[in-house]
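Structure, as structure tokens:
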Amino acid sequence: MRSGPWILLKLVVGVIYVFILGPILITAAVAFNESNRSYFPPRGFSLKWWGEAFAPQWVQPLMFSLELAALTAVVATAIGVPLAFAFQRYEFPGKTLVRTITLGPLILPTLVTGIALLQFLTVIGLGRWLGYWALLIGHVIICLPFSVRTIAISLQAMPGSVENAAAGLGAGPLAVLRYVTFPIIVPGIFAGMAFAFIHSFTDINMSLFIAKPGQRPVTVAIMSFLDFGFAPTLAALSILSLAIPLVLVALLGRFVGIGNFLYQEQGRG
Amino acid sequence: MIAAVQSRPIVPFLLVLLPAAFLLFFFVIPTAFLLSASFIESDGVIMTGVWTTQNYADLLSRPLYRQAILRTFLIGIAVGVIVIVLSYPLAYFLVRTTSPWRGFLIALSLSPLLASVIVRTYGWWVILNREGAVNTALLSIGIIDQPLTLLPSSMAITIGLSHALLPYGVLTIMASLNGLNPNIERAAMSLGAGRIRTFLTVTLPLTWPGIVGGFLLAFAIAISAYATPAILGGPGTQVMATLIRNFMVQALDWALGSAMGAILLVSSIALLLITSALGGRRVG
Amino acid sequence: MTRTFLHPSRRRFLQGAAAASASFASPLVISARAAETLVVNAYGGEFQEIFLKTTVAPFEKKFGVKITYDDAGSASEDYAKIRATRGAPGFDVAAELTPPEIILGAKEKLLEPITEKEVPNLKHVWKKSREVIPNTGIVHTYQYTALIWNKKQIDKPGSWADYWMPGQKYGDKIKNRVMAFEPGNLLSIYALIMAAKLKGGGVDKMDPAWDVLKAQKPWLGATVMASAAAAPYFENEQIWIAPYWSARAAYYEAQKYPIGVTIPKEGTIGLGNCAGVPVGASNKKLAFEFLNWRLDKDVQREFHLAYFSSPGRGDITDWPQSFKDVQITTEQQMNAIEFPDSEVIANRRRDWTRRWQEVMA
């Protein structure tokens, strides 16, 4: 595709990538500072802060974040799939209301959702016994809109005609679901899980409020460490926190075909 | 586009039942409970238990708060527009390119999403502050002779948020482009339309739902964002999320905080519903 | 999927790191069933290091218990948590609160009332302590609002006017070198009270302060919320003058930051750092024990020497002279420090915050 417009497009895209990567690379550069100060451009060169990022005080919250995010992703998807189906394939009374409610956690600052949840659980007597679960439930709530949306989009992209064709060829409704619908939307489901995972992994404001000591996501640990100043260790850790979900997404792309969801070959139709 | 696999009305009800119950119990009721505090009289410290609309009157009558509300929505709209303007070319490229690096490039375009707010805002702070890259460049070219104070400002907030939310636009528009039947474009071109004309008259209109969807998503997240406006903005550039946080966990004034939260929720939902109706696409 | 999602060599690294960490008995790790546990919430940063060393670790040793340290949140954020959970926020001791939170705790009945029965060492605290807060907390530390300045760049400020009207003394070079704090931080409130006083007002008459603030606005270089957030600005010399808590200021000065600490000639306002026990704490007996320990004579001495703050009890006499020179160690000095009516501040804070935001917008 050597045409003029395509080359122009590549140029524009290049500039956009500079915009995207600029701030991130700057922070990464800060992590190479020799001394324990965050100079930019970095002074000296050292890899020690990257090593610091693997210290136990960071590994523990990192592991906690990963586990919490994974659990959130699974639960949010489990709840999101039936919702997405209902939104995309059916009309029913109250549909707009339910759709709007699903959007709510996106619009309200997560701090407010967190305070509301904590207060409510306390009032109905469940506060003391739901430490970790309050955090999980809170994360699921704020990640749900993403799951639902992504799965709904994948359903939308799949024309109902395929399902109709299968039914027309004699497949019963359950068979259609199992052999036609699900295989096609599985990449969409995994995309939804990836979104939910990322949103949970990077959440700060709700976690800051709800998390208990000893059960802290890495984002909260980073915020606490900021009390000591913005050290290169934080820069290194933040970049590593970026790398882990990135690796996850890339691997999902290779093995589950989430990429198919994103850059499907135009062979259909 | 709706293919009913079943036509029994009980099915959607069953599908929605458990998720809706979950949302109701853990989101709707708790939030309603908290926001109901907005109708209770308070002297800023203690709530008296008397019902009143004074809190709303307080917020809406003062220019300080009205400006913050306006600023929030203007930034939201600006971010939405910037996101779709930047993400469309990127999405188009990523969908149409045959480069073997495509997967890597897609993952790379998601990096602002994955980077923590510290990474993003610190990076922007370095670029936009008085001794940062932008000022240095502008000074050396000679466009200005004094460094500009780009931070804190609404503009800095808008840039920071657009950067953070770009991936959402990219993914939404990519999904929309993927749904396109390529034969339509081929048909148009075989009838004589050039690439650009095809794009403007065929591709763009057909992916309009994706554009609206991307705009709405970026807008919705931008208006509730706290960290970026807090760090790249200042006391003079409050948005609703920063005011809400100030009220809830600094001033401990939950009456005003929940009133502001209610205003945010109600006006955003109204705006979103209107926009998606105009955009011809259902919300969500 | 049988592939792990971490690259093999990194995974091995993490496993090694985890194994290594398990071999250290860290006080920050929740220990198992063996010892009684107490969750203490306070500040992070350099405070944490000093606090752990002088107060927390000796307590653990003496009483054979394990303390889980919660460094999240400012005083008001902690109270928001206490309020949301109706007094069961997950920590047993809110070790760093300020008078406004203690007052709220009394009004909303979310903090335990504390008397000499629960905390015997209360009989040794300054008489002032009883006036500064209601009985739902203890005052364990005193500080005052000092002015800090960059010794290398400007002369020592003598008056609060040198901060509020900096152009008068320092001229144009001080532009963008002045720091303000948001009213969520008591530093801001106290500095504003001093501004009102400069113009003949005070806590009860704050109107003049807003004009002073407005005039100061063009000179401001940075506005922050948390006290800790200000430190980098002093260190990299971006800010040359600011109000600051005496303890932290002295600590940074000792760390060789290029700053000096002083009390302007008009005097200053004192802060009582408080602690309380939420009504829903799971281990109240031990919590009260911890507060009592905080007021222990030796613990007080060790902590305040390290943190450069003034003691909560008046009966410690063996301070080094250099300490006595700048801290509050006698009844006389204590009486000379002004403590504004925290009730008044609590009641007016909403209005003052709004006025501040309006001026700064």
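Ligands are numbered from 1 in the order shown, residues from 1 within each chain, and chains are lettered A, B, ... in the order they appear in the structure tokens.
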
Residue hits in chain A, query chain C, radius 9 Å, only C-alpha atoms, as a compact mmCIF listing (two decimals) with all heavy atoms, in the first residue's frame:
# COMPACT_ATOMS: atom_id res chain seq x y z
N PHE A 54 12.26 -5.11 42.72
CA PHE A 54 11.94 -6.50 42.99
C PHE A 54 12.04 -6.84 44.47
O PHE A 54 11.92 -7.98 44.86
CB PHE A 54 12.87 -7.42 42.20
CG PHE A 54 12.55 -7.45 40.74
CD1 PHE A 54 13.33 -6.75 39.83
CD2 PHE A 54 11.45 -8.15 40.27
CE1 PHE A 54 13.02 -6.76 38.48
CE2 PHE A 54 11.15 -8.17 38.93
CZ PHE A 54 11.93 -7.48 38.03
N ALA A 55 12.25 -5.81 45.30
CA ALA A 55 12.37 -6.06 46.73
C ALA A 55 11.05 -6.62 47.26
O ALA A 55 9.99 -6.34 46.72
CB ALA A 55 12.71 -4.77 47.45
N PRO A 56 11.13 -7.39 48.35
CA PRO A 56 9.92 -8.02 48.89
C PRO A 56 8.81 -7.02 49.19
O PRO A 56 7.64 -7.34 49.03
CB PRO A 56 10.39 -8.68 50.19
CG PRO A 56 11.85 -8.55 50.23
CD PRO A 56 12.35 -7.81 49.05
N GLN A 57 9.17 -5.80 49.59
CA GLN A 57 8.12 -4.84 49.93
C GLN A 57 7.28 -4.50 48.72
O GLN A 57 6.19 -3.98 48.86
CB GLN A 57 8.73 -3.58 50.54
CG GLN A 57 9.41 -2.71 49.54
CD GLN A 57 9.85 -1.37 50.10
OE1 GLN A 57 11.03 -1.04 50.13
NE2 GLN A 57 8.88 -0.59 50.53
N VAL A 59 7.14 -6.86 45.92
CA VAL A 59 6.66 -8.12 45.36
C VAL A 59 5.34 -8.51 46.00
O VAL A 59 4.42 -8.94 45.32
CB VAL A 59 7.71 -9.24 45.56
CG1 VAL A 59 7.10 -10.58 45.22
CG2 VAL A 59 8.91 -8.98 44.69
N GLN A 60 5.26 -8.32 47.32
CA GLN A 60 4.03 -8.72 48.00
C GLN A 60 2.81 -7.96 47.49
O GLN A 60 1.83 -8.58 47.09
CB GLN A 60 4.21 -8.56 49.51
CG GLN A 60 3.19 -9.32 50.31
CD GLN A 60 2.38 -8.41 51.23
OE1 GLN A 60 2.64 -7.22 51.32
NE2 GLN A 60 1.40 -8.97 51.89
N ILE A 115 -16.61 4.63 49.20
CA ILE A 115 -17.17 5.07 50.47
C ILE A 115 -18.59 4.52 50.63
O ILE A 115 -18.97 4.03 51.69
CB ILE A 115 -17.21 6.61 50.55
CG1 ILE A 115 -15.80 7.17 50.56
CG2 ILE A 115 -17.97 7.07 51.78
CD1 ILE A 115 -15.76 8.68 50.64
N ALA A 116 -19.37 4.60 49.54
CA ALA A 116 -20.75 4.12 49.60
C ALA A 116 -20.80 2.64 49.97
O ALA A 116 -21.59 2.22 50.83
CB ALA A 116 -21.43 4.36 48.25
N LEU A 117 -19.95 1.86 49.31
CA LEU A 117 -19.94 0.42 49.56
C LEU A 117 -19.56 0.12 51.00
O LEU A 117 -20.23 -0.65 51.69
CB LEU A 117 -18.97 -0.26 48.60
CG LEU A 117 -18.96 -1.79 48.63
CD1 LEU A 117 -20.30 -2.33 48.21
CD2 LEU A 117 -17.86 -2.32 47.70
N LEU A 118 -18.48 0.76 51.45
CA LEU A 118 -18.01 0.52 52.81
C LEU A 118 -19.07 0.89 53.84
O LEU A 118 -19.35 0.16 54.79
CB LEU A 118 -16.74 1.35 53.05
CG LEU A 118 -15.68 0.74 53.95
CD1 LEU A 118 -15.27 -0.62 53.48
CD2 LEU A 118 -14.48 1.67 54.02
N GLN A 119 -19.70 2.04 53.63
CA GLN A 119 -20.71 2.51 54.57
C GLN A 119 -21.91 1.57 54.58
O GLN A 119 -22.43 1.20 55.62
CB GLN A 119 -21.15 3.92 54.18
CG GLN A 119 -22.06 4.56 55.19
CD GLN A 119 -22.48 5.94 54.74
OE1 GLN A 119 -22.98 6.14 53.66
NE2 GLN A 119 -22.28 6.91 55.60
N PHE A 120 -22.34 1.17 53.38
CA PHE A 120 -23.50 0.31 53.28
C PHE A 120 -23.25 -1.04 53.93
O PHE A 120 -24.07 -1.55 54.70
CB PHE A 120 -23.88 0.12 51.80
CG PHE A 120 -25.07 -0.76 51.59
CD1 PHE A 120 -26.33 -0.33 51.95
CD2 PHE A 120 -24.93 -2.02 51.04
CE1 PHE A 120 -27.44 -1.14 51.76
CE2 PHE A 120 -26.03 -2.83 50.84
CZ PHE A 120 -27.28 -2.39 51.20
N LEU A 121 -22.11 -1.63 53.64
CA LEU A 121 -21.78 -2.92 54.22
C LEU A 121 -21.75 -2.82 55.75
O LEU A 121 -22.18 -3.73 56.45
CB LEU A 121 -20.43 -3.41 53.70
CG LEU A 121 -20.40 -3.86 52.24
CD1 LEU A 121 -18.99 -4.22 51.82
CD2 LEU A 121 -21.33 -5.03 52.02
N THR A 122 -21.25 -1.70 56.25
CA THR A 122 -21.21 -1.52 57.70
C THR A 122 -22.61 -1.43 58.27
O THR A 122 -22.93 -2.07 59.27
CB THR A 122 -20.46 -0.22 58.05
OG1 THR A 122 -19.16 -0.27 57.47
CG2 THR A 122 -20.34 -0.07 59.55
N VAL A 123 -23.43 -0.63 57.61
CA VAL A 123 -24.78 -0.41 58.12
C VAL A 123 -25.59 -1.69 58.17
O VAL A 123 -26.37 -1.92 59.10
CB VAL A 123 -25.49 0.66 57.25
CG1 VAL A 123 -26.99 0.61 57.45
CG2 VAL A 123 -24.97 2.03 57.58
N GLY A 127 -19.80 -5.21 57.57
CA GLY A 127 -18.53 -4.52 57.44
C GLY A 127 -17.33 -5.26 57.98
O GLY A 127 -16.33 -5.41 57.30
N ARG A 128 -17.45 -5.74 59.19
CA ARG A 128 -16.27 -6.30 59.84
C ARG A 128 -15.77 -7.57 59.17
O ARG A 128 -14.61 -7.90 59.24
CB ARG A 128 -16.60 -6.63 61.30
CG ARG A 128 -16.99 -5.42 62.12
CD ARG A 128 -15.76 -4.63 62.52
NE ARG A 128 -14.96 -5.36 63.48
CZ ARG A 128 -15.15 -5.31 64.80
NH1 ARG A 128 -16.15 -4.60 65.29
NH2 ARG A 128 -14.37 -5.98 65.60
N GLY A 131 -13.51 -7.58 54.77
CA GLY A 131 -12.33 -6.79 54.40
C GLY A 131 -11.89 -6.99 52.97
O GLY A 131 -11.99 -6.10 52.13
N LEU A 208 -7.25 2.87 47.77
CA LEU A 208 -6.69 3.67 48.86
C LEU A 208 -7.65 3.73 50.03
O LEU A 208 -7.25 3.73 51.18
CB LEU A 208 -6.42 5.10 48.38
CG LEU A 208 -4.99 5.45 48.02
CD1 LEU A 208 -4.91 6.87 47.54
CD2 LEU A 208 -4.08 5.26 49.23
N PHE A 209 -8.92 3.80 49.72
CA PHE A 209 -9.89 3.96 50.79
C PHE A 209 -10.27 2.66 51.45
O PHE A 209 -10.43 2.58 52.66
CB PHE A 209 -11.14 4.67 50.25
CG PHE A 209 -12.02 5.19 51.34
CD1 PHE A 209 -11.69 6.35 52.02
CD2 PHE A 209 -13.17 4.51 51.71
CE1 PHE A 209 -12.48 6.82 53.04
CE2 PHE A 209 -13.98 4.98 52.73
CZ PHE A 209 -13.63 6.13 53.40
N ILE A 210 -10.44 1.61 50.65
CA ILE A 210 -10.98 0.37 51.18
C ILE A 210 -9.90 -0.60 51.69
O ILE A 210 -10.14 -1.36 52.62
CB ILE A 210 -11.83 -0.35 50.11
CG1 ILE A 210 -13.04 0.49 49.77
CG2 ILE A 210 -12.27 -1.70 50.59
CD1 ILE A 210 -14.04 -0.25 48.90
N LYS A 212 -7.09 -2.77 53.35
CA LYS A 212 -6.60 -2.88 54.70
C LYS A 212 -5.09 -3.05 54.69
O LYS A 212 -4.54 -3.58 53.74
CB LYS A 212 -7.25 -4.10 55.35
CG LYS A 212 -8.73 -3.93 55.62
CD LYS A 212 -9.09 -4.68 56.88
CE LYS A 212 -10.38 -4.38 57.52
NZ LYS A 212 -11.37 -3.55 57.07
N PRO A 213 -4.43 -2.65 55.76
CA PRO A 213 -2.98 -2.84 55.80
C PRO A 213 -2.65 -4.31 55.70
O PRO A 213 -3.32 -5.15 56.26
CB PRO A 213 -2.60 -2.31 57.19
CG PRO A 213 -3.84 -2.28 57.98
CD PRO A 213 -4.95 -2.06 57.00
N GLY A 214 -1.60 -4.61 54.96
CA GLY A 214 -1.26 -6.01 54.78
C GLY A 214 -1.96 -6.61 53.57
O GLY A 214 -1.59 -7.66 53.07
N VAL A 220 -1.52 1.26 45.84
CA VAL A 220 -1.57 1.88 47.16
C VAL A 220 -0.18 1.94 47.78
O VAL A 220 0.21 2.93 48.39
CB VAL A 220 -2.54 1.12 48.09
CG1 VAL A 220 -2.52 1.68 49.48
CG2 VAL A 220 -3.96 1.18 47.53
N ALA A 221 0.58 0.86 47.60
CA ALA A 221 1.94 0.84 48.13
C ALA A 221 2.77 1.95 47.51
O ALA A 221 3.57 2.62 48.18
CB ALA A 221 2.58 -0.52 47.87
N MET A 223 1.63 4.81 46.26
CA MET A 223 1.18 6.10 46.80
C MET A 223 1.76 6.34 48.18
O MET A 223 2.14 7.45 48.51
CB MET A 223 -0.35 6.14 46.88
CG MET A 223 -1.06 6.18 45.54
SD MET A 223 -0.51 7.51 44.46
CE MET A 223 -1.26 8.90 45.23
N SER A 224 1.81 5.32 49.01
CA SER A 224 2.38 5.48 50.35
C SER A 224 3.85 5.81 50.27
O SER A 224 4.35 6.64 51.01
CB SER A 224 2.21 4.18 51.15
OG SER A 224 0.86 3.93 51.37
N PHE A 225 4.54 5.15 49.34
CA PHE A 225 5.96 5.37 49.21
C PHE A 225 6.25 6.78 48.74
O PHE A 225 7.34 7.32 48.99
CB PHE A 225 6.56 4.35 48.25
CG PHE A 225 8.05 4.25 48.33
CD1 PHE A 225 8.65 3.60 49.39
CD2 PHE A 225 8.85 4.81 47.36
CE1 PHE A 225 10.03 3.51 49.47
CE2 PHE A 225 10.23 4.72 47.42
CZ PHE A 225 10.82 4.06 48.48
N LEU A 226 5.30 7.39 48.05
CA LEU A 226 5.48 8.76 47.58
C LEU A 226 5.74 9.72 48.73
O LEU A 226 6.27 10.79 48.53
CB LEU A 226 4.25 9.24 46.80
CG LEU A 226 4.27 8.96 45.31
CD1 LEU A 226 2.97 9.43 44.68
CD2 LEU A 226 5.43 9.68 44.65
N ASP A 227 5.31 9.30 49.95
CA ASP A 227 5.61 10.11 51.12
C ASP A 227 7.11 10.34 51.27
O ASP A 227 7.55 11.31 51.86
CB ASP A 227 5.11 9.43 52.40
CG ASP A 227 3.64 9.74 52.65
OD1 ASP A 227 3.10 10.62 51.95
OD2 ASP A 227 3.04 9.13 53.54
N PHE A 228 7.88 9.39 50.79
CA PHE A 228 9.33 9.52 50.87
C PHE A 228 9.87 10.36 49.71
O PHE A 228 11.05 10.59 49.61
CB PHE A 228 10.01 8.15 50.80
CG PHE A 228 9.78 7.29 52.02
CD1 PHE A 228 8.74 6.39 52.07
CD2 PHE A 228 10.63 7.38 53.11
CE1 PHE A 228 8.54 5.60 53.19
CE2 PHE A 228 10.44 6.58 54.23
CZ PHE A 228 9.40 5.70 54.27
N GLY A 229 9.00 10.77 48.83
CA GLY A 229 9.48 11.50 47.66
C GLY A 229 9.44 10.62 46.43
O GLY A 229 9.34 9.41 46.53
N PHE A 230 9.50 11.23 45.29
CA PHE A 230 9.40 10.45 44.05
C PHE A 230 10.77 9.91 43.68
O PHE A 230 11.52 10.51 42.92
CB PHE A 230 8.85 11.33 42.93
CG PHE A 230 8.62 10.55 41.66
CD1 PHE A 230 7.71 9.52 41.62
CD2 PHE A 230 9.32 10.85 40.51
CE1 PHE A 230 7.50 8.79 40.47
CE2 PHE A 230 9.10 10.13 39.34
CZ PHE A 230 8.20 9.10 39.33
N ILE A 244 3.94 -5.65 33.07
CA ILE A 244 3.27 -6.92 33.35
C ILE A 244 1.93 -7.06 32.62
O ILE A 244 1.72 -8.05 31.92
CB ILE A 244 3.10 -7.14 34.87
CG1 ILE A 244 4.48 -7.36 35.49
CG2 ILE A 244 2.19 -8.32 35.16
CD1 ILE A 244 4.45 -7.51 36.98
N VAL A 247 2.61 -7.48 28.91
CA VAL A 247 3.01 -8.84 28.55
C VAL A 247 1.79 -9.75 28.51
O VAL A 247 1.62 -10.57 27.62
CB VAL A 247 4.05 -9.36 29.57
CG1 VAL A 247 4.21 -10.86 29.46
CG2 VAL A 247 5.39 -8.68 29.37
N LEU A 248 0.92 -9.53 29.50
CA LEU A 248 -0.30 -10.34 29.56
C LEU A 248 -1.12 -10.18 28.30
O LEU A 248 -1.56 -11.15 27.68
CB LEU A 248 -1.12 -9.89 30.77
CG LEU A 248 -2.38 -10.70 31.05
CD1 LEU A 248 -1.99 -12.05 31.58
CD2 LEU A 248 -3.25 -9.98 32.06
N LEU A 251 0.58 -11.81 25.34
CA LEU A 251 0.48 -13.26 25.36
C LEU A 251 -0.93 -13.73 25.03
O LEU A 251 -1.13 -14.68 24.28
CB LEU A 251 0.89 -13.80 26.73
CG LEU A 251 2.40 -13.86 26.93
CD1 LEU A 251 2.74 -14.09 28.39
CD2 LEU A 251 3.00 -14.96 26.08
N PHE A 255 -1.95 -16.38 22.09
CA PHE A 255 -2.44 -17.73 22.32
C PHE A 255 -3.95 -17.87 22.33
O PHE A 255 -4.46 -18.94 22.11
CB PHE A 255 -1.88 -18.26 23.65
CG PHE A 255 -0.40 -18.44 23.57
CD1 PHE A 255 0.46 -17.51 24.11
CD2 PHE A 255 0.13 -19.52 22.91
CE1 PHE A 255 1.83 -17.66 24.01
CE2 PHE A 255 1.49 -19.69 22.80
CZ PHE A 255 2.35 -18.76 23.35
N VAL A 256 -4.65 -16.80 22.62
CA VAL A 256 -6.09 -16.95 22.67
C VAL A 256 -6.74 -16.27 21.49
O VAL A 256 -7.91 -16.42 21.23
CB VAL A 256 -6.63 -16.36 23.99
CG1 VAL A 256 -8.13 -16.56 24.10
CG2 VAL A 256 -5.94 -17.03 25.14

Please identify all residues of chain B having at least one atom at most 12 Å from any atom of chain C, considering only C-alpha atoms, and return them as a ChimeraX atom specification.
/B:30,33-34,42-48,58-59,62-68,71,129-131,149,151-154,230-239,242-243,245-257

Preceding selection exported with C-alpha atoms as a PDB file, in the first residue's frame:
ATOM      1  CA  PRO B  30     -25.177   1.949  48.628  1.00  0.00           C
ATOM      2  CA  PHE B  33     -27.818   5.751  50.543  1.00  0.00           C
ATOM      3  CA  LEU B  34     -24.673   7.848  50.466  1.00  0.00           C
ATOM      4  CA  SER B  42     -25.364  20.174  57.707  1.00  0.00           C
ATOM      5  CA  ASP B  43     -23.236  22.956  59.142  1.00  0.00           C
ATOM      6  CA  GLY B  44     -20.197  21.581  57.395  1.00  0.00           C
ATOM      7  CA  VAL B  45     -19.300  19.438  60.338  1.00  0.00           C
ATOM      8  CA  ILE B  46     -22.304  17.655  61.712  1.00  0.00           C
ATOM      9  CA  MET B  47     -25.486  16.585  59.960  1.00  0.00           C
ATOM     10  CA  THR B  48     -28.623  17.453  61.840  1.00  0.00           C
ATOM     11  CA  ASP B  58     -25.289  26.177  48.156  1.00  0.00           C
ATOM     12  CA  LEU B  59     -23.452  24.473  45.355  1.00  0.00           C
ATOM     13  CA  ARG B  62     -21.861  29.907  43.917  1.00  0.00           C
ATOM     14  CA  PRO B  63     -19.772  30.808  40.872  1.00  0.00           C
ATOM     15  CA  LEU B  64     -16.887  28.777  42.251  1.00  0.00           C
ATOM     16  CA  TYR B  65     -18.830  25.540  42.016  1.00  0.00           C
ATOM     17  CA  ARG B  66     -20.697  26.403  38.842  1.00  0.00           C
ATOM     18  CA  GLN B  67     -17.387  27.076  37.154  1.00  0.00           C
ATOM     19  CA  ALA B  68     -16.043  23.757  38.351  1.00  0.00           C
ATOM     20  CA  ARG B  71     -15.047  23.103  33.550  1.00  0.00           C
ATOM     21  CA  ASN B 129       6.525  22.593  33.417  1.00  0.00           C
ATOM     22  CA  ARG B 130       8.322  25.907  33.111  1.00  0.00           C
ATOM     23  CA  GLU B 131      11.677  24.282  32.469  1.00  0.00           C
ATOM     24  CA  THR B 149       3.041  28.506  32.720  1.00  0.00           C
ATOM     25  CA  LEU B 151       0.945  23.779  34.478  1.00  0.00           C
ATOM     26  CA  PRO B 152      -1.365  23.799  36.319  1.00  0.00           C
ATOM     27  CA  SER B 153      -4.170  24.477  33.882  1.00  0.00           C
ATOM     28  CA  SER B 154      -7.281  23.069  32.298  1.00  0.00           C
ATOM     29  CA  ALA B 230      -5.469  16.801  40.828  1.00  0.00           C
ATOM     30  CA  ILE B 231      -1.848  16.587  39.730  1.00  0.00           C
ATOM     31  CA  LEU B 232      -1.880  18.523  36.469  1.00  0.00           C
ATOM     32  CA  GLY B 233      -4.437  21.023  37.717  1.00  0.00           C
ATOM     33  CA  GLY B 234      -4.303  23.291  40.734  1.00  0.00           C
ATOM     34  CA  PRO B 235      -6.558  24.964  43.271  1.00  0.00           C
ATOM     35  CA  GLY B 236      -7.722  27.323  40.573  1.00  0.00           C
ATOM     36  CA  THR B 237      -8.772  24.564  38.191  1.00  0.00           C
ATOM     37  CA  GLN B 238     -11.104  22.419  40.233  1.00  0.00           C
ATOM     38  CA  VAL B 239     -13.212  19.792  38.565  1.00  0.00           C
ATOM     39  CA  THR B 242     -11.465  17.023  42.927  1.00  0.00           C
ATOM     40  CA  LEU B 243     -14.150  19.004  44.720  1.00  0.00           C
ATOM     41  CA  ARG B 245     -12.747  14.370  47.120  1.00  0.00           C
ATOM     42  CA  ASN B 246     -12.040  17.615  48.988  1.00  0.00           C
ATOM     43  CA  PHE B 247     -15.485  17.476  50.527  1.00  0.00           C
ATOM     44  CA  MET B 248     -15.485  13.778  51.359  1.00  0.00           C
ATOM     45  CA  VAL B 249     -12.040  13.140  52.807  1.00  0.00           C
ATOM     46  CA  GLN B 250     -10.547  16.530  53.593  1.00  0.00           C
ATOM     47  CA  ALA B 251     -13.308  18.784  54.789  1.00  0.00           C
ATOM     48  CA  LEU B 252     -15.304  15.725  55.898  1.00  0.00           C
ATOM     49  CA  ASP B 253     -18.357  17.565  54.614  1.00  0.00           C
ATOM     50  CA  TRP B 254     -20.391  14.643  53.312  1.00  0.00           C
ATOM     51  CA  ALA B 255     -23.537  16.679  52.812  1.00  0.00           C
ATOM     52  CA  LEU B 256     -21.943  18.888  50.164  1.00  0.00           C
ATOM     53  CA  GLY B 257     -19.809  16.057  48.849  1.00  0.00           C
TER      54      GLY B 257
END

Set the distance at 9 Å and use only C-alpha atoms: which residues neighbour C:Glu36 once local chain neighbours fewer than 5 positions away are removed? I'd like the list as a PyMOL selection string.
chain C and resi 64-67+286

Point out the residue among A:Ser35, A:Ser207, A:Thr27, A:Ser46 with the least atom-to-atom distance to chain B, counting only C-alpha atoms.
A:Thr27

Mind checking DSSP for stretch 22-165 of chain C and telling me the strand (DSSP E or B) residues as number ranges by chain?
C: 36-41, 65-70, 93-97, 111, 125, 138-150

For C:Glu112, list every protein, DNA or RNA residue within 8 Å, evaluated using only C-alpha atoms, and leave out those in the same chain fewer than 5 positions away; present the list as a compact mmCIF listing (two decimals) with N, CA and C atoms, in the first residue's frame.
# COMPACT_ATOMS: atom_id res chain seq x y z
N THR C 136 -11.96 12.59 73.79
CA THR C 136 -11.98 11.42 72.91
C THR C 136 -10.63 11.19 72.26
N GLY C 137 -9.59 11.76 72.85
CA GLY C 137 -8.26 11.51 72.32
C GLY C 137 -7.21 11.98 73.29
N GLY C 276 -6.33 8.62 68.86
CA GLY C 276 -7.61 8.16 69.40
C GLY C 276 -7.84 6.70 69.10
N VAL C 277 -8.89 6.17 69.71
CA VAL C 277 -9.26 4.77 69.48
C VAL C 277 -10.68 4.72 68.93
N PRO C 278 -10.86 4.22 67.71
CA PRO C 278 -12.21 4.13 67.15
C PRO C 278 -13.09 3.22 68.02
N VAL C 279 -14.39 3.54 68.10
CA VAL C 279 -15.26 2.78 68.99
C VAL C 279 -15.40 1.33 68.59
